[in-house]
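**Q** Would you mind keeping the following structure in view while I ask a few things?
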Amino acid sequence: AYAKTVTIDNGGRICIPAKLLEKAGITKESVFVGKGTYFQIWNPETHEEYNEFLLERIIADTEAEIAENNKRNEYREKGYFLDIKNTLGA
């Protein structure tokens, strides 16, 4: 694991061990990402690449959901299944 507890100095700075900076590919600049009770520090290029991956996944999932809904509506219009609403206990 590459997680490490660090302390804050009197100037409000955190000292990150060189080994962790090297592993994360962080040199001059970094991106801080808030995660509730903790935060992540990323190499800016890696963070951008990861965000692009997430966006592509969201788009693909959305497109798949739209295709599924379209197919369901097509089958509904053709009468391939019936929508039955349960009103018992309502």
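Ligands are numbered from 1 in the order shown, residues from 1 within each chain, and chains are lettered A, B, ... in the order they appear in the structure tokens.
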Could you pull the residues within 12 Å of Val33 (chain A), counting only C-alpha atoms, minus those fewer than 5 positions along the same chain, as a ChimeraX atom specification?
**A** /A:38-44,47-48,51
**Q** How would you write, as a PyMOL selection string, the set of residues in chain A that DSSP gives as helix (DSSP H, G or I)?
**A** chain A and resi 18-24+44-77
**Q** Kindly indicate which residue among A:Glu74, A:Glu45, A:Glu52, A:Asp9 lies nearest to Glu29 (chain A), using only C-alpha atoms for the distances.
**A**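 Looking only at the distances to Glu29 (chain A), the closest residue turns out to be A:Glu45.
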**Q** Pick out each residue of region 3-82 of chain A that DSSP on the backbone tags as strand (DSSP E or B); I need them as a ChimeraX atom specification.
**A** /A:8,14,31-35,38-42
**Q** What does the structure give for the distance between CA of Lys19 (chain A) and CA of Phe53 (chain A), in Å to one decimal?
**A**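 Going from CA of Lys19 (chain A) over to CA of Phe53 (chain A) covers 26.5 Å.
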